[in-house]
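*Asks:* Input structure: structure19.txt, which contains compact mmCIF, C-alpha atoms and all ligand atoms.
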```
# COMPACT_ATOMS: atom_id res chain seq x y z
CA MET A 283 0.00 0.00 0.00
CA GLU A 284 1.22 3.46 -0.94
CA HIS A 285 0.88 6.11 1.79
CA LEU A 286 0.05 9.57 0.47
CA ILE A 287 1.44 12.25 2.78
CA LYS A 288 0.48 15.91 2.45
CA HIS A 289 3.14 18.48 3.27
CA TYR A 290 1.59 21.70 4.59
CA ALA A 291 2.83 25.26 4.68
CA LEU A 292 2.76 26.82 8.15
CA GLU A 293 -0.55 28.71 8.41
CA ALA A 294 -2.69 26.17 6.53
CA GLY A 295 -1.02 23.30 8.39
CA ALA A 296 -1.61 24.90 11.78
CA LEU A 297 -5.34 25.18 11.04
CA GLU A 298 -5.48 21.54 9.97
CA ILE A 299 -3.71 20.43 13.14
CA GLN A 300 -6.08 22.50 15.29
CA TYR A 301 -8.98 20.74 13.54
CA ILE A 302 -7.63 17.19 13.78
CA GLU A 303 -6.65 17.50 17.46
CA GLU A 304 -10.33 17.97 18.34
CA PHE A 305 -10.75 14.25 17.63
CA PHE A 306 -8.14 13.14 20.18
CA GLY A 307 -9.35 12.26 23.68
CA GLU A 308 -5.74 11.76 24.81
CA PHE A 309 -4.70 15.38 24.44
CA GLY A 310 -5.61 17.29 27.59
CA ARG A 311 -4.70 20.69 26.24
CA LYS A 312 -5.25 20.89 22.53
CA LYS A 313 -3.00 23.08 20.42
CA ALA A 314 -4.44 26.25 18.90
CA ALA A 315 -3.33 27.25 15.42
CA THR A 316 -1.83 30.49 16.80
CA GLU A 317 0.38 28.56 19.23
CA ILE A 318 1.59 26.29 16.43
CA VAL A 319 2.41 29.25 14.18
CA GLU A 320 4.24 31.10 16.97
CA ARG A 321 6.39 28.12 17.77
CA LEU A 322 7.27 27.14 14.21
CA ALA A 323 7.53 30.50 12.46
CA ASP A 324 11.26 31.12 12.88
CA ARG A 325 12.65 27.63 12.80
CA GLU A 326 12.95 24.68 10.47
CA HIS A 327 9.83 22.56 10.75
CA LEU A 328 7.75 19.92 9.03
CA ILE A 329 3.96 19.51 9.03
CA HIS A 330 2.71 16.27 7.50
CA ILE A 331 -0.85 14.94 7.35
CA ILE A 332 -2.45 11.77 5.97
CA GLU A 333 -6.05 11.83 4.82
CA ALA A 334 -8.43 8.88 4.50
CA PRO A 335 -12.10 8.24 3.70
CA LEU A 336 -14.67 8.34 6.48
CA PRO A 337 -15.97 4.78 7.15
CA ASP A 338 -19.66 5.78 7.01
CA ASP A 339 -19.22 8.14 4.04
CA PRO A 340 -16.35 6.86 1.85
CA GLY A 341 -16.77 9.75 -0.60
CA GLN A 342 -15.71 12.13 2.16
CA ILE A 343 -11.95 12.48 2.82
CA SER A 344 -10.72 13.74 6.18
CA PRO A 345 -7.32 14.27 7.84
CA VAL A 346 -6.73 11.25 10.11
CA ALA A 347 -3.04 11.23 11.06
CA PHE A 348 -0.47 13.98 11.54
CA LYS A 349 3.05 14.65 12.65
CA VAL A 350 4.79 17.94 13.35
CA GLY A 351 8.51 18.28 14.02
CA HIS A 352 10.76 21.29 14.50
CA GLU A 353 14.35 22.18 15.19
CA ILE A 354 15.35 22.68 18.80
CA ARG A 355 18.59 24.40 19.77
CA ASP A 356 20.75 25.24 22.69
CA GLY A 357 19.91 28.80 23.81
CA GLU A 358 16.17 28.61 23.10
CA THR A 359 14.23 31.72 24.16
CA ILE A 360 10.69 30.25 24.09
CA PRO A 361 10.32 29.26 27.78
CA LYS A 362 8.88 25.77 27.13
CA LEU A 363 11.68 24.94 24.71
CA ALA A 364 14.36 26.40 26.98
CA ASP A 365 12.96 24.17 29.73
CA LEU A 366 13.05 21.14 27.43
CA VAL A 367 16.68 21.76 26.46
CA ARG A 368 17.56 22.12 30.15
CA ARG A 369 15.83 18.83 30.98
CA LEU A 370 17.64 17.08 28.13
CA ASP A 371 21.01 18.23 29.42
CA GLY A 372 23.31 15.23 29.62
CA ALA A 373 20.87 13.08 27.62
CA VAL A 374 21.01 14.81 24.23
CA ASN A 375 24.04 16.62 22.82
CA PHE A 376 23.12 19.91 21.12
CA ASN A 377 26.71 21.07 20.47
CA ASP A 378 27.24 21.57 16.74
CA ARG A 379 24.45 19.13 16.02
CA LYS A 380 21.00 19.61 14.51
CA VAL A 381 18.28 18.15 16.70
CA LEU A 382 14.67 17.72 15.57
CA TYR A 383 11.95 17.68 18.20
CA ALA A 384 9.01 15.42 17.19
CA TRP A 385 6.59 17.79 18.89
CA ILE A 386 3.08 16.50 18.23
CA GLY A 387 1.39 13.75 16.29
CA GLY A 388 -1.09 10.94 16.29
CA THR A 389 -3.65 8.91 14.40
CA ARG A 390 -7.40 9.17 14.96
CA ARG A 391 -8.71 6.10 16.78
CA ASP A 392 -10.72 4.56 13.93
CA TRP A 393 -7.69 4.65 11.63
CA ARG A 394 -5.06 3.23 14.00
CA GLY A 395 -3.08 0.09 13.22
CA GLN A 396 -2.85 0.75 9.47
CA GLY A 397 0.71 2.04 9.38
CA PHE A 398 -0.19 5.73 9.11
CA PHE A 399 2.04 6.81 11.99
CA ARG A 400 4.91 4.63 10.79
CA ALA A 401 4.60 6.22 7.33
CA LEU A 402 4.68 9.73 8.87
CA SER A 403 7.60 8.82 11.12
CA GLU A 404 9.64 7.28 8.31
CA GLU A 405 9.03 10.36 6.17
CA GLN A 406 10.02 12.68 9.01
CA GLU A 407 13.23 10.72 9.50
CA ALA A 408 14.04 10.79 5.77
CA TRP A 409 13.40 14.56 5.65
CA ALA A 410 15.46 15.16 8.79
CA LEU A 411 18.41 13.19 7.48
CA ALA A 412 18.24 14.96 4.10
CA ASN A 413 18.22 18.31 5.92
CA GLY A 414 21.28 17.64 8.04
CA PHE A 415 19.68 16.65 11.34
CA HIS A 416 21.64 14.30 13.56
CA GLU A 417 18.96 13.18 15.98
CA ILE A 418 15.20 13.18 16.61
CA VAL A 419 13.96 13.57 20.19
CA VAL A 420 10.47 13.02 21.49
CA LYS A 421 8.76 13.32 24.86
CA THR A 422 5.85 11.27 26.13
CA LYS A 423 4.34 10.17 29.43
CA ASN A 424 4.42 6.80 31.15
CA ARG A 425 0.64 6.46 30.80
CA PHE A 426 0.58 6.94 27.02
CA TYR A 427 0.99 3.21 26.42
CA GLU A 428 0.02 3.26 22.72
CA MET A 429 2.60 5.94 21.99
CA ARG A 430 5.25 4.18 24.07
CA GLY A 431 4.59 0.90 22.23
CA THR A 432 4.72 2.66 18.89
CA LEU A 433 7.97 4.50 19.66
CA ASP A 434 9.40 1.17 20.76
CA ASN A 435 8.49 -0.38 17.38
CA LEU A 436 10.01 2.63 15.63
CA GLU A 437 13.25 1.92 17.55
CA PHE A 438 13.44 5.08 19.64
CA GLN A 439 15.66 4.73 22.69
CA VAL A 440 14.78 6.03 26.11
CA VAL A 441 17.35 8.69 27.05
CA LYS A 442 15.73 10.04 30.23
CA TYR A 443 12.95 9.19 32.66
CA GLU A 444 11.63 11.92 34.97
CA ARG A 445 9.55 10.55 37.78
CA HIS A 446 6.43 12.46 38.81
CA PRO A 447 6.40 12.89 42.61
CA ARG A 448 2.87 11.53 43.13
CA ASP A 449 1.54 9.83 39.99
CA ASN A 450 3.96 7.60 38.08
CA GLY A 451 1.61 7.57 35.06
CA GLU A 452 2.42 11.26 34.69
CA SER A 453 6.17 10.64 34.71
CA LYS A 454 7.92 11.96 31.61
CA VAL A 455 9.81 9.69 29.24
CA TYR A 456 12.27 11.23 26.78
CA LEU A 457 13.32 9.20 23.78
CA SER A 458 15.67 9.71 20.87
CA LYS A 459 16.74 8.25 17.57
CA LYS A 460 20.14 9.01 16.07
CA LEU A 461 20.05 9.52 12.33
CA ASP A 462 22.38 7.98 9.80
CA ALA A 463 22.00 6.21 6.47
CA SER A 464 21.11 2.93 8.20
CA VAL A 465 17.84 4.53 9.33
CA LEU A 466 16.74 4.77 5.70
CA LYS A 467 17.46 1.08 5.19
CA SER A 468 15.15 0.25 8.10
CA HIS A 469 12.20 2.00 6.43
CA ARG A 470 9.50 -0.35 5.23
CA LEU A 471 6.63 1.65 3.83
CA SER A 472 6.08 3.05 0.39
CA ARG A 473 5.36 6.80 0.62
CA THR A 474 4.60 9.71 -1.67
CA VAL A 475 4.67 13.32 -0.47
CA VAL A 476 2.58 16.00 -2.16
CA GLN A 477 2.28 19.72 -1.37
CA ALA A 478 -1.09 20.60 0.16
C1 LIG B 1 0.44 6.00 18.96
C2 LIG B 1 -0.31 6.21 17.67
C3 LIG B 1 0.20 7.49 17.02
C4 LIG B 1 -0.06 5.05 16.69
O1 LIG B 1 -0.66 5.40 15.45
P1 LIG B 1 -0.98 4.29 14.33
O2 LIG B 1 -1.25 4.98 13.05
O3 LIG B 1 -1.98 3.32 14.83
O4 LIG B 1 0.44 3.57 14.25
P2 LIG B 1 0.92 2.57 13.12
O5 LIG B 1 -0.23 1.74 12.64
O6 LIG B 1 1.68 3.33 12.08
O7 LIG B 1 1.92 1.69 13.92
C5 LIG B 1 3.30 2.05 14.05
C6 LIG B 1 4.01 0.93 14.81
O8 LIG B 1 3.65 0.99 16.19
C7 LIG B 1 3.02 -0.21 16.60
N1 LIG B 1 1.90 0.11 17.45
C8 LIG B 1 0.85 0.89 17.13
N2 LIG B 1 0.02 0.97 18.17
C9 LIG B 1 0.56 0.21 19.16
C10 LIG B 1 0.16 -0.13 20.48
N3 LIG B 1 -0.96 0.31 20.99
N4 LIG B 1 0.99 -0.92 21.20
C11 LIG B 1 2.14 -1.39 20.68
N5 LIG B 1 2.57 -1.11 19.44
C12 LIG B 1 1.79 -0.33 18.69
C13 LIG B 1 2.57 -0.88 15.31
O9 LIG B 1 2.52 -2.30 15.44
C14 LIG B 1 3.59 -0.43 14.33
O10 LIG B 1 4.76 -1.20 14.40
P3 LIG B 1 5.23 -2.04 13.11
O11 LIG B 1 5.16 -1.06 11.97
O12 LIG B 1 6.60 -2.45 13.49
O13 LIG B 1 4.25 -3.13 12.96
C15 LIG B 1 -1.83 6.30 17.93
O14 LIG B 1 -2.24 5.20 18.69
C16 LIG B 1 -2.20 7.57 18.66
O15 LIG B 1 -2.41 8.61 18.04
N6 LIG B 1 -2.31 7.51 19.98
C17 LIG B 1 -2.64 8.66 20.75
C18 LIG B 1 -1.46 9.59 20.79
C19 LIG B 1 -1.02 9.85 22.18
O16 LIG B 1 -1.26 9.10 23.06
N7 LIG B 1 -0.38 10.95 22.35
C20 LIG B 1 0.03 11.32 23.67
C21 LIG B 1 1.06 12.35 23.61
S1 LIG B 1 2.69 11.68 23.31
```
Represent the structure from my file as structure tokens, please.
*Replies:*
Amino acid sequence: MEHLIKHYALEAGALEIQYIEEFFGEFGRKKAATEIVERLADREHLIHIIEAPLPDDPGQISPVAFKVGHEIRDGETIPKLADLVRRLDGAVNFNDRKVLYAWIGGTRRDWRGQGFFRALSEEQEAWALANGFHEIVVKTKNRFYEMRGTLDNLEFQVVKYERHPRDNGESKVYLSKKLDASVLKSHRLSRTVVQA
């Protein structure tokens, strides 16, 4: 099966992400388009979306899976990113290296298990490698079992675990994947990228 991935420009992509996140019960605080634009405007980033037919109305196509990544650097001024870099100290090396943060992503429940997230992840890795990135980092929580299982299958390595003082399900797990040509060889899915 060929996976068709749509590459979005910033403003249009941010609106699509705002729309698709409404369908995710897992996300406590959904991202607004303005927040996405503010974060991504002045840095390298990638917004990819996969669309699929609605089961009860196959003529209707809707965005069902998405992935957004952006560069993260030492010396960040956005407080959340500065905090992230500080927390990754000792776990991820930012010196003279390009690091991509796999910020947000997911697949709507009815479309899970069809390889959509693997297709998006493989494409993000291929783009990152082609654009000189050395590593992809991602953050999740202990209680996000589906995401943890998926990142495991995608061969991300845990680089830091930050225990929550009261609720271990809320503990943060930081993972990373180093990029080199062998990553491309591990890719399994056939993908085409088109501009939205
Ligand atoms: C995690 C998630 C993105 C997976 O999306 P998906 O489109 O179903 O994933 P895919 O079908 O592409 O599967 C990718 C790989 O992960 C594995 N996988 C998917 N769901 C899994 C699960 N629940 N447990 C274990 N492995 C899983 C698949 O087997 C596949 O591995 P393979 O290609 O080696 O066979 C989706 O379940 C999701 O959006 N979950 C909610 C997101 C979330 O919890 N976010 C919290 C913030 S981090």
*Asks:* Dump the neighbourhood of ligand LIG 1 (chain B) as a count of residues only: all residues within 10 Å, distances computed on only C-alpha atoms and all ligand atoms.
*Replies:* 55
*Asks:* At a cut-off of 12 Å, using only C-alpha atoms, what residues contact Ile360 in chain A? Leave out same-chain residues fewer than 2 positions from it and give the result as a list of chain:residue names.
*Replies:*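 Listed by chain and then number, they are A:Glu317, A:Glu320, A:Arg321, A:Leu322, A:Asp324, A:Arg325, A:Ile354, A:Arg355, A:Asp356, A:Gly357, A:Glu358, A:Lys362, A:Leu363, A:Ala364, A:Asp365, A:Leu366, A:Val367.
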*Asks:* Calculated over all atoms listed in the file, which of the candidates A:Val441, A:Ala412, A:Ile331, A:Ile302 has the smallest distance to Arg369 in chain A?
*Replies:*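 Closest to Arg369 in chain A, using all atoms listed in the file: A:Val441.
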*Asks:* With all atoms listed in the file counted, which protein, DNA or RNA residues have an atom no more than 9 Å from (-1.1, -0.6, 0.3) in the file frame? Please answer as a PyMOL selection string.
*Replies:* chain A and resi 283-285+471-472
*Asks:* How many Å separate CA of Tyr456 in chain A from CA of Lys442 in chain A?
*Replies:*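 Here the two named atoms are 5.0 Å from each other.
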*Asks:* Between A:Glu293, A:Asp338, A:Glu333, A:Asp449, which one has atoms that come closest to Ile318 in chain A, using all atoms listed in the file?
*Replies:*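 The closest residue to Ile318 in chain A is A:Glu293.
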*Asks:* Between CA of Val476 in chain A and CA of Glu417 in chain A, what distance in Å does the model show, to one decimal?
*Replies:*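 If I compute the distance from CA of Val476 in chain A to CA of Glu417 in chain A, I get 24.6 Å.
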*Asks:* Have a look at A:Glu452, A:Glu444, A:Ala463, A:Ile329 and name the one nearest to His416 in chain A; count all atoms listed in the file.
*Replies:*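 Nearest candidate to His416 in chain A out of A:Glu452, A:Glu444, A:Ala463, A:Ile329: A:Ala463.
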*Asks:* Which protein, DNA or RNA residues have an atom at most 9 Å from (-0.5, 23.3, 11.0), counting only C-alpha atoms? List them as a ChimeraX atom specification.
*Replies:* /A:290-300,315,318-319,329-330,350
*Asks:* Between A:Val374, A:Ala478, A:Glu407, A:Leu461, which one has atoms that come closest to Pro345 in chain A, using all atoms listed in the file?
*Replies:* A:Ala478
*Asks:* What is the CA of Thr316 in chain A-CA of Val381 in chain A distance in Å, reported with one decimal?
*Replies:*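 Spanning CA of Thr316 in chain A to CA of Val381 in chain A is a straight-line distance of 23.6 Å.
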*Asks:* Ranking A:Pro335, A:Gly351, A:Gly414, A:Pro361 by minimum distance to Arg379 in chain A and counting all atoms listed in the file, which one comes first?
*Replies:* A:Gly414
*Asks:* When you get a chance, write out N, CA and C atoms for range 392-414 of chain A, as a compact mmCIF listing (two decimals), in the coordinates of the input.
*Replies:*
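Heads up, here's the output in rebuild.txt:
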```txt
# COMPACT_ATOMS: atom_id res chain seq x y z
N ASP A 392 -10.15 5.50 14.91
CA ASP A 392 -10.72 4.56 13.93
C ASP A 392 -9.75 4.19 12.81
N TRP A 393 -8.64 4.90 12.72
CA TRP A 393 -7.69 4.65 11.63
C TRP A 393 -6.36 4.10 12.16
N ARG A 394 -6.33 3.73 13.43
CA ARG A 394 -5.06 3.23 14.00
C ARG A 394 -4.76 1.82 13.49
N GLY A 395 -3.49 1.45 13.58
CA GLY A 395 -3.08 0.09 13.22
C GLY A 395 -2.99 -0.14 11.72
N GLN A 396 -2.95 0.91 10.93
CA GLN A 396 -2.85 0.75 9.47
C GLN A 396 -1.54 1.30 8.92
N GLY A 397 -0.61 1.59 9.83
CA GLY A 397 0.71 2.04 9.38
C GLY A 397 0.82 3.53 9.11
N PHE A 398 -0.24 4.29 9.42
CA PHE A 398 -0.19 5.73 9.11
C PHE A 398 0.92 6.43 9.90
N PHE A 399 1.03 6.11 11.18
CA PHE A 399 2.04 6.81 11.99
C PHE A 399 3.45 6.35 11.62
N ARG A 400 3.59 5.07 11.26
CA ARG A 400 4.91 4.63 10.79
C ARG A 400 5.28 5.38 9.51
N ALA A 401 4.31 5.51 8.60
CA ALA A 401 4.60 6.22 7.33
C ALA A 401 5.04 7.66 7.62
N LEU A 402 4.33 8.34 8.53
CA LEU A 402 4.68 9.73 8.87
C LEU A 402 6.05 9.78 9.54
N SER A 403 6.32 8.82 10.39
CA SER A 403 7.60 8.82 11.12
C SER A 403 8.76 8.54 10.18
N GLU A 404 8.57 7.58 9.27
CA GLU A 404 9.64 7.28 8.31
C GLU A 404 9.90 8.51 7.44
N GLU A 405 8.85 9.18 7.03
CA GLU A 405 9.03 10.36 6.17
C GLU A 405 9.72 11.48 6.94
N GLN A 406 9.35 11.65 8.20
CA GLN A 406 10.02 12.68 9.01
C GLN A 406 11.51 12.37 9.15
N GLU A 407 11.82 11.11 9.37
CA GLU A 407 13.23 10.72 9.50
C GLU A 407 13.99 10.98 8.21
N ALA A 408 13.37 10.61 7.07
CA ALA A 408 14.04 10.79 5.77
C ALA A 408 14.28 12.28 5.52
N TRP A 409 13.26 13.11 5.83
CA TRP A 409 13.40 14.56 5.65
C TRP A 409 14.50 15.11 6.57
N ALA A 410 14.49 14.66 7.82
CA ALA A 410 15.46 15.16 8.79
C ALA A 410 16.88 14.82 8.35
N LEU A 411 17.07 13.60 7.92
CA LEU A 411 18.41 13.19 7.48
C LEU A 411 18.84 14.02 6.26
N ALA A 412 17.93 14.19 5.31
CA ALA A 412 18.24 14.96 4.10
C ALA A 412 18.53 16.42 4.43
N ASN A 413 18.02 16.90 5.55
CA ASN A 413 18.22 18.31 5.92
C ASN A 413 19.27 18.49 7.02
N GLY A 414 20.10 17.49 7.18
CA GLY A 414 21.28 17.64 8.04
C GLY A 414 21.05 17.43 9.52
```
